[in-house]
$ cat work11.txt   # compact mmCIF, C-alpha atoms
# COMPACT_ATOMS: atom_id res chain seq x y z
CA THR A 269 -20.13 -5.94 2.21
CA MET A 270 -21.10 -3.28 -0.34
CA GLU A 271 -24.15 -3.01 -2.60
CA ILE A 272 -24.31 -1.36 -6.01
CA THR A 273 -27.19 1.17 -6.06
CA VAL A 274 -26.50 2.78 -9.47
CA ASP A 275 -27.27 1.28 -12.89
CA SER A 276 -23.73 -0.04 -13.37
CA LEU A 277 -20.25 0.58 -12.03
CA ARG A 278 -16.78 -0.30 -13.30
CA ILE A 279 -14.36 -1.23 -10.53
CA ALA A 280 -10.90 -2.75 -10.21
CA LEU A 281 -8.88 -4.11 -7.32
CA GLY A 282 -5.13 -3.77 -6.89
CA GLY A 283 -3.28 -5.93 -4.40
CA PHE A 284 -1.63 -9.33 -4.17
CA GLY A 285 -3.65 -11.80 -2.12
CA ALA A 286 -6.88 -9.83 -2.64
CA SER A 287 -10.06 -10.53 -4.61
CA ILE A 288 -13.58 -9.24 -5.12
CA ASP A 289 -16.23 -11.76 -4.08
CA VAL A 290 -19.63 -11.11 -5.62
CA LEU A 291 -22.15 -12.60 -3.17
CA SER A 292 -25.47 -12.03 -4.92
CA PRO A 293 -27.51 -12.47 -6.97
CA GLU A 294 -25.00 -14.92 -8.52
CA PRO A 295 -21.78 -15.72 -6.64
CA ALA A 296 -18.55 -15.01 -8.51
CA ARG A 297 -14.94 -14.14 -7.79
CA VAL A 298 -13.10 -11.35 -9.59
CA THR A 299 -9.32 -11.54 -9.55
CA PRO A 300 -7.19 -8.45 -8.87
CA TRP A 301 -5.39 -6.38 -11.49
CA ARG A 302 -8.38 -6.20 -13.85
CA SER A 303 -11.50 -4.10 -14.26
CA THR A 304 -15.05 -5.42 -14.25
CA VAL A 305 -18.58 -4.01 -14.39
CA LEU A 306 -21.08 -4.66 -11.60
CA ARG A 307 -24.81 -3.99 -11.89
CA ARG A 308 -27.49 -2.55 -9.65
CA GLY A 309 -28.36 -4.88 -6.79
CA GLN A 310 -25.12 -6.85 -6.82
CA ILE A 311 -23.51 -7.24 -3.41
CA PHE A 312 -19.77 -7.79 -3.06
CA ARG A 313 -17.01 -7.86 -0.52
CA ILE A 314 -13.24 -7.62 -0.65
CA SER A 315 -11.38 -10.69 0.57
CA LEU A 316 -7.74 -10.78 1.70
CA ASP A 317 -5.70 -13.90 2.27
CA GLY A 318 -3.16 -14.22 5.07
CA THR A 319 -0.37 -12.63 3.02
CA ALA A 320 -2.14 -9.34 2.25
CA LEU A 321 -2.01 -6.26 4.46
CA SER A 322 -4.03 -3.94 2.24
CA CYS A 323 -5.42 -3.44 -1.24
CA TYR A 324 -6.85 -0.64 -3.35
CA LEU A 325 -10.38 -0.49 -4.76
CA ALA A 326 -10.61 1.78 -7.81
CA ILE A 327 -13.97 3.26 -8.84
CA ALA A 328 -14.28 4.59 -12.40
CA GLY A 329 -15.24 8.26 -12.19
CA GLY A 330 -14.59 8.45 -8.47
CA PHE A 331 -16.83 9.57 -5.63
CA ASP A 332 -19.05 12.64 -5.50
CA LEU A 333 -17.53 14.19 -2.37
CA ASP A 334 -16.48 17.69 -1.39
CA PRO A 335 -12.68 18.08 -1.63
CA CYS A 336 -10.81 19.08 1.52
CA LEU A 337 -7.53 20.87 0.86
CA GLY A 338 -7.76 19.65 -2.72
CA SER A 339 -8.15 15.97 -1.80
CA LEU A 340 -10.92 13.39 -1.26
CA SER A 341 -8.80 11.30 1.12
CA THR A 342 -9.64 10.92 4.81
CA TYR A 343 -7.50 12.00 7.74
CA THR A 344 -9.24 10.26 10.62
CA ARG A 345 -7.04 11.69 13.41
CA ALA A 346 -8.39 15.18 12.71
CA GLY A 347 -11.76 14.15 11.25
CA LEU A 348 -10.97 15.78 7.90
CA GLY A 349 -11.88 14.90 4.33
CA GLY A 350 -13.37 11.84 2.72
CA PHE A 351 -16.81 10.80 3.94
CA GLN A 352 -17.57 12.85 7.06
CA GLY A 353 -13.91 12.63 8.08
CA ARG A 354 -14.21 9.10 9.46
CA THR A 355 -13.93 5.44 8.58
CA LEU A 356 -16.92 3.86 6.87
CA ILE A 357 -19.58 2.11 8.94
CA ALA A 358 -22.57 -0.08 8.09
CA GLY A 359 -25.33 1.86 6.37
CA ASP A 360 -23.13 4.56 4.80
CA GLU A 361 -24.08 5.48 1.23
CA LEU A 362 -21.34 6.93 -0.96
CA LEU A 363 -22.47 9.03 -3.90
CA LEU A 364 -20.68 8.39 -7.19
CA ALA A 365 -19.65 10.82 -9.90
CA ARG A 366 -21.09 8.46 -12.55
CA CYS A 367 -24.41 6.62 -12.48
CA SER A 368 -23.45 4.09 -15.16
CA ALA A 369 -20.31 2.49 -16.55
CA SER A 370 -18.95 3.55 -19.92
CA ASP A 371 -19.02 1.24 -22.94
CA SER A 372 -15.24 0.91 -22.97
CA GLU A 373 -13.58 -2.50 -22.77
CA ASP A 374 -12.45 -3.98 -19.51
CA VAL A 375 -8.68 -4.27 -19.20
CA ARG A 376 -6.19 -6.17 -17.10
CA LEU A 377 -2.59 -5.76 -15.99
CA PRO A 378 -0.80 -8.86 -17.32
CA LYS A 379 2.33 -8.62 -15.17
CA PRO A 380 1.76 -6.66 -11.95
CA GLU A 381 4.86 -5.68 -10.03
CA ALA A 382 5.45 -7.61 -6.82
CA PHE A 383 7.23 -6.26 -3.74
CA SER A 384 9.85 -8.40 -2.04
CA LEU A 385 9.55 -8.62 1.74
CA GLN A 386 13.20 -9.67 1.99
CA ARG A 387 14.70 -6.69 0.19
CA PRO A 388 16.22 -4.01 2.45
CA ILE A 389 14.49 -0.64 2.65
CA ARG A 390 16.81 1.95 1.12
CA ILE A 391 17.53 5.18 3.00
CA THR A 392 19.65 8.30 2.82
CA TRP A 393 21.25 9.70 5.96
CA GLY A 394 19.29 12.50 7.62
CA MET A 395 20.24 16.09 8.34
CA GLN A 396 20.69 15.36 12.07
CA ARG A 397 22.79 12.21 11.83
CA ASP A 398 25.46 13.96 13.92
CA TYR A 399 23.01 13.88 16.85
CA PHE A 400 23.64 10.14 17.18
CA THR A 401 26.62 8.18 18.44
CA ASP A 402 28.93 6.51 15.94
CA GLU A 403 28.04 3.14 17.46
CA SER A 404 24.33 3.75 16.87
CA LEU A 405 24.92 4.76 13.26
CA ALA A 406 26.95 1.61 12.72
CA ARG A 407 24.17 -0.56 14.21
CA PHE A 408 21.32 1.16 12.41
CA VAL A 409 22.00 -0.26 8.96
CA PRO A 410 22.92 -3.96 9.30
CA GLU A 411 20.72 -4.83 12.29
CA PRO A 412 17.05 -5.92 11.85
CA PHE A 413 14.15 -3.92 13.25
CA SER A 414 10.67 -5.24 14.01
CA ILE A 415 7.50 -3.30 13.19
CA LEU A 416 5.54 -2.71 16.40
CA PRO A 417 1.75 -3.16 16.78
CA GLU A 418 1.41 0.54 17.72
CA SER A 419 2.13 1.48 14.08
CA ASP A 420 -0.47 3.26 11.95
CA ARG A 421 -0.80 5.50 8.89
CA MET A 422 0.99 8.29 10.74
CA GLY A 423 4.11 6.25 11.30
CA TYR A 424 5.69 2.83 11.74
CA ARG A 425 7.21 2.38 15.17
CA ILE A 426 10.10 -0.05 14.97
CA ALA A 427 12.15 -1.79 17.64
CA GLY A 428 15.67 -3.14 17.37
CA PRO A 429 19.08 -2.06 18.60
CA ARG A 430 18.71 1.03 20.79
CA ILE A 431 19.67 4.19 18.90
CA GLU A 432 21.47 6.52 21.30
CA HIS A 433 21.77 10.28 21.03
CA GLN A 434 24.95 12.19 21.73
CA SER A 435 23.47 15.70 21.36
CA GLY A 436 20.10 15.26 23.05
CA HIS A 437 16.81 14.00 21.65
CA ASP A 438 15.05 17.37 21.32
CA ILE A 439 15.61 19.86 18.50
CA VAL A 440 13.88 23.01 17.31
CA SER A 441 10.89 21.68 15.35
CA ASP A 442 11.46 21.64 11.61
CA GLY A 443 9.73 20.30 8.52
CA ILE A 444 8.92 16.61 8.07
CA ALA A 445 9.10 14.68 4.81
CA THR A 446 7.28 11.42 4.18
CA GLY A 447 9.72 8.64 5.03
CA ALA A 448 11.68 10.65 7.61
CA ILE A 449 12.92 8.49 10.49
CA GLN A 450 12.69 10.27 13.84
CA VAL A 451 14.31 8.90 16.98
CA PRO A 452 12.72 10.02 20.28
CA GLY A 453 14.30 9.58 23.70
CA THR A 454 13.22 5.93 23.89
CA GLY A 455 15.75 5.05 21.19
CA ASN A 456 13.09 3.31 19.08
CA PRO A 457 12.83 4.95 15.63
CA ILE A 458 9.57 6.10 14.04
CA VAL A 459 9.26 6.00 10.23
CA LEU A 460 6.79 8.74 9.28
CA LEU A 461 4.23 7.78 6.63
CA ALA A 462 1.26 9.22 4.72
CA ASP A 463 -0.55 10.82 7.68
CA HIS A 464 2.57 12.28 9.30
CA GLN A 465 2.61 15.67 11.00
CA THR A 466 4.05 18.70 9.22
CA THR A 467 6.81 19.44 11.76
CA GLY A 468 8.69 17.44 14.36
CA GLY A 469 11.04 18.05 17.26
CA TYR A 470 13.01 14.79 17.32
CA PRO A 471 16.30 14.32 15.44
CA LYS A 472 15.96 12.52 12.11
CA ILE A 473 18.58 9.86 11.56
CA ALA A 474 17.62 9.02 7.98
CA THR A 475 14.88 9.16 5.32
CA VAL A 476 13.36 6.25 3.41
CA ILE A 477 13.64 6.92 -0.32
CA SER A 478 10.29 7.64 -1.99
CA ALA A 479 10.56 4.64 -4.33
CA ASP A 480 10.66 2.25 -1.35
CA LEU A 481 7.75 3.73 0.61
CA PRO A 482 5.15 1.45 -1.09
CA ALA A 483 7.19 -1.64 -0.21
CA LEU A 484 7.55 -0.46 3.39
CA GLY A 485 3.84 0.28 3.68
CA ARG A 486 2.99 -3.32 2.83
CA ARG A 487 4.92 -4.76 5.78
CA LYS A 488 2.87 -6.02 8.72
CA PRO A 489 3.41 -5.49 12.44
CA GLY A 490 5.77 -8.19 13.66
CA GLN A 491 7.69 -8.39 10.38
CA GLU A 492 11.35 -7.47 10.27
CA ILE A 493 12.93 -4.81 8.12
CA ARG A 494 16.53 -3.89 7.41
CA PHE A 495 17.92 -0.67 6.02
CA GLU A 496 20.45 -0.03 3.25
CA VAL A 497 22.15 3.35 2.90
CA ILE A 498 22.48 4.92 -0.54
CA GLU A 499 23.48 8.37 -1.78
CA VAL A 500 20.94 11.07 -2.65
CA GLU A 501 21.98 10.97 -6.32
CA GLU A 502 21.21 7.25 -6.50
CA ALA A 503 17.85 7.81 -4.78
CA GLU A 504 16.96 10.39 -7.43
CA ARG A 505 17.93 7.96 -10.21
CA ILE A 506 15.83 5.22 -8.63
CA ARG A 507 12.87 7.61 -8.44
CA ARG A 508 13.19 8.42 -12.16
CA ASP A 509 13.43 4.72 -13.00
CA ARG A 510 10.36 4.07 -10.85
CA GLU A 511 8.33 6.66 -12.74
CA LYS A 512 9.35 5.09 -16.05
CA ALA A 513 8.37 1.64 -14.75
CA LEU A 514 4.91 2.94 -13.78
CA CYS A 515 4.47 4.35 -17.28
CA ARG A 516 5.40 0.96 -18.74
CA LEU A 517 2.85 -0.74 -16.47
CA GLU A 518 0.13 1.62 -17.66
CA ALA A 519 1.10 1.02 -21.29
CA SER A 520 0.95 -2.75 -20.76
CA LEU A 521 -2.78 -2.76 -19.95
CA GLU A 522 -4.57 -5.07 -22.37
CA PRO A 523 -8.24 -5.72 -23.19
CA ILE A 524 -9.91 -8.72 -21.58
CA LYS A 525 -11.06 -11.02 -24.37
CA SER A 526 -13.13 -13.30 -22.15
CA ASP A 527 -14.82 -13.12 -18.77
CA VAL A 528 -13.41 -16.59 -18.05
CA GLU A 529 -9.82 -16.36 -16.80
CA LEU A 530 -7.64 -19.15 -15.48
CA ASP A 531 -6.41 -18.82 -11.91
CA LEU A 532 -2.87 -20.03 -12.57
CA ASP A 533 -1.91 -20.04 -8.88
CA ALA A 534 -4.79 -22.41 -8.14
CA LEU A 535 -4.02 -24.47 -11.24
CA TYR A 536 -0.37 -24.95 -10.35
CA GLY A 537 -1.14 -25.52 -6.69
CA ASN A 538 -3.48 -28.49 -7.16
CA ASN A 539 -2.71 -32.11 -7.94
CA LEU A 540 -4.05 -32.69 -11.43
CA ILE A 541 -2.26 -36.00 -12.01
CA SER A 542 -4.69 -37.92 -9.79
CA GLY A 543 -7.40 -37.27 -12.37
CA ALA A 544 -5.48 -38.88 -15.25
CA VAL A 545 -6.27 -42.39 -16.53
CA GLY A 546 -4.41 -44.75 -18.81
CA ILE A 547 -5.36 -45.00 -22.47
CA GLU A 548 -6.52 -48.59 -22.00
CA GLU A 549 -9.12 -47.40 -19.51

$ encode --input "work11.txt" --output "structure tokens"
Amino acid sequence: TMEITVDSLRIALGGFGASIDVLSPEPARVTPWRSTVLRRGQIFRISLDGTALSCYLAIAGGFDLDPCLGSLSTYTRAGLGGFQGRTLIAGDELLLARCSASDSEDVRLPKPEAFSLQRPIRITWGMQRDYFTDESLARFVPEPFSILPESDRMGYRIAGPRIEHQSGHDIVSDGIATGAIQVPGTGNPIVLLADHQTTGGYPKIATVISADLPALGRRKPGQEIRFEVIEVEEAERIRRDREKALCRLEASLEPIKSDVELDLDALYGNNLISGAVGIEE
């Protein structure tokens, strides 16, 4: 749980299957994809249903922290950045850049973009694809892979058909891009994510296109993924289209006219007919 210790604070939550539950002084639930103002003394928590892996809590004005390498994010493996370079624990107090919320209207995102868990993750072949056997390359794309529990923000470890090397599994270390797929000697690929290292010495069979990294990052351990190969030119076009789509989402934000909003999922999911009576009654 978290407690508001400033006069007021505007927050918003992004994520399907997530909500803000205000616990005191008056219980309330705030749906995602909208902003709201909380007051001093209010206590809230973030709730996730069984479908959600993560969500994003946005704080208007941000936190009053010292930047590390130009960022306020936390890299826990090295103890860098964020709040003392670690995950938050009970009793931590985060200073805010603003002590009160502005007088601007609250807004909501009317049609948030959903990610399909069935859609293949698109890739381009890597610079070292010739390090792998033709049979492994042929199996890599159509066959499913399962995300292993050992996965973290550094990389997703995936298991599926064994990917075999024909030119050894060690190379002179070179630069790593987010989304690069390394294959160590075990034959189980590693998809490198936000906290990846800067260089690596395993051959890279492919790279996940940047537009599909958010969809990949929302998959849970145990879920299956499949890959689809596209050309670099198509990946660049998809990236441009993605940036335009994000601009359209931002432009679609609309003011909230009432604090009372219908939960359509709950409305459609309940049996309302049982409460109807005939006109003669």

$ atom_distance --input "work11.txt" --atom1 "CA of Val500 in chain A" --atom2 "CA of Tyr399 in chain A"
19.8 Å

$ residues_around --input "work11.txt" --residues "range 487-495 of chain A" --least-positions-apart "3" --cutoff "9 Å" --atoms "all atoms listed in the file" --output "PDB file with C-alpha atoms, in the coordinates of the input"
ATOM      1  CA  ALA A 320      -2.140  -9.340   2.250  1.00  0.00           C
ATOM      2  CA  LEU A 321      -2.010  -6.260   4.460  1.00  0.00           C
ATOM      3  CA  LEU A 385       9.550  -8.620   1.740  1.00  0.00           C
ATOM      4  CA  GLN A 386      13.200  -9.670   1.990  1.00  0.00           C
ATOM      5  CA  ARG A 387      14.700  -6.690   0.190  1.00  0.00           C
ATOM      6  CA  PRO A 388      16.220  -4.010   2.450  1.00  0.00           C
ATOM      7  CA  ILE A 389      14.490  -0.640   2.650  1.00  0.00           C
ATOM      8  CA  ARG A 390      16.810   1.950   1.120  1.00  0.00           C
ATOM      9  CA  ILE A 391      17.530   5.180   3.000  1.00  0.00           C
ATOM     10  CA  PHE A 408      21.320   1.160  12.410  1.00  0.00           C
ATOM     11  CA  VAL A 409      22.000  -0.260   8.960  1.00  0.00           C
ATOM     12  CA  PRO A 410      22.920  -3.960   9.300  1.00  0.00           C
ATOM     13  CA  GLU A 411      20.720  -4.830  12.290  1.00  0.00           C
ATOM     14  CA  PRO A 412      17.050  -5.920  11.850  1.00  0.00           C
ATOM     15  CA  PHE A 413      14.150  -3.920  13.250  1.00  0.00           C
ATOM     16  CA  SER A 414      10.670  -5.240  14.010  1.00  0.00           C
ATOM     17  CA  ILE A 415       7.500  -3.300  13.190  1.00  0.00           C
ATOM     18  CA  LEU A 416       5.540  -2.710  16.400  1.00  0.00           C
ATOM     19  CA  PRO A 417       1.750  -3.160  16.780  1.00  0.00           C
ATOM     20  CA  GLU A 418       1.410   0.540  17.720  1.00  0.00           C
ATOM     21  CA  SER A 419       2.130   1.480  14.080  1.00  0.00           C
ATOM     22  CA  TYR A 424       5.690   2.830  11.740  1.00  0.00           C
ATOM     23  CA  ILE A 426      10.100  -0.050  14.970  1.00  0.00           C
ATOM     24  CA  VAL A 476      13.360   6.250   3.410  1.00  0.00           C
ATOM     25  CA  ALA A 483       7.190  -1.640  -0.210  1.00  0.00           C
ATOM     26  CA  LEU A 484       7.550  -0.460   3.390  1.00  0.00           C
TER      27      LEU A 484
END

$ residues_around --input "work11.txt" --residues "range 297-313 of chain A" --least-positions-apart "2" --cutoff "9 Å" --atoms "all atoms listed in the file" --output "PyMOL selection string"
chain A and resi 269-295+315+326+368-369+373-380+521+524+527+529+531

$ atom_distance --input "work11.txt" --atom1 "CA of Glu381 in chain A" --atom2 "CA of Arg510 in chain A"
11.2 Å

$ residues_around --input "work11.txt" --residues "Glu499 in chain A" --least-positions-apart "4" --cutoff "12 Å" --atoms "all atoms listed in the file" --output "PyMOL selection string"
chain A and resi 390-394+474-477+503-506

$ closest_residue --input "work11.txt" --among "A:Thr446, A:Leu337, A:Ala479, A:Asp463" --to "Lys512 in chain A" --atoms "all atoms listed in the file"
A:Ala479

$ atom_distance --input "work11.txt" --atom1 "CA of Asp334 in chain A" --atom2 "CA of Ser322 in chain A"
25.2 Å

$ residues_around --input "work11.txt" --residues "range 401-405 of chain A" --least-positions-apart "2" --cutoff "7 Å" --atoms "only C-alpha atoms" --output "number ranges by chain"
A: 399, 407-408, 431-434

$ residues_around --input "work11.txt" --residues "Val451 in chain A" --least-positions-apart "6" --cutoff "10 Å" --atoms "all atoms listed in the file" --output "PyMOL selection string"
chain A and resi 400+425+430-433+437-438+457-459+469-474

$ write_last_selection --input "work11.txt" --atoms "C-alpha atoms" --output "PDB file, keeping the file's coordinate frame"
ATOM      1  CA  PHE A 400      23.640  10.140  17.180  1.00  0.00           C
ATOM      2  CA  ARG A 425       7.210   2.380  15.170  1.00  0.00           C
ATOM      3  CA  ARG A 430      18.710   1.030  20.790  1.00  0.00           C
ATOM      4  CA  ILE A 431      19.670   4.190  18.900  1.00  0.00           C
ATOM      5  CA  GLU A 432      21.470   6.520  21.300  1.00  0.00           C
ATOM      6  CA  HIS A 433      21.770  10.280  21.030  1.00  0.00           C
ATOM      7  CA  HIS A 437      16.810  14.000  21.650  1.00  0.00           C
ATOM      8  CA  ASP A 438      15.050  17.370  21.320  1.00  0.00           C
ATOM      9  CA  PRO A 457      12.830   4.950  15.630  1.00  0.00           C
ATOM     10  CA  ILE A 458       9.570   6.100  14.040  1.00  0.00           C
ATOM     11  CA  VAL A 459       9.260   6.000  10.230  1.00  0.00           C
ATOM     12  CA  GLY A 469      11.040  18.050  17.260  1.00  0.00           C
ATOM     13  CA  TYR A 470      13.010  14.790  17.320  1.00  0.00           C
ATOM     14  CA  PRO A 471      16.300  14.320  15.440  1.00  0.00           C
ATOM     15  CA  LYS A 472      15.960  12.520  12.110  1.00  0.00           C
ATOM     16  CA  ILE A 473      18.580   9.860  11.560  1.00  0.00           C
ATOM     17  CA  ALA A 474      17.620   9.020   7.980  1.00  0.00           C
TER      18      ALA A 474
END

$ axis_aligned_box --input "work11.txt" --around "range 314-325 of chain A" --padding-each-side "4 Å" --output "lines of an AutoDock Vina configuration file"
center_x = -6.8
center_y = -7.4
center_z = 0.2
size_x = 20.9
size_y = 21.7
size_z = 17.8
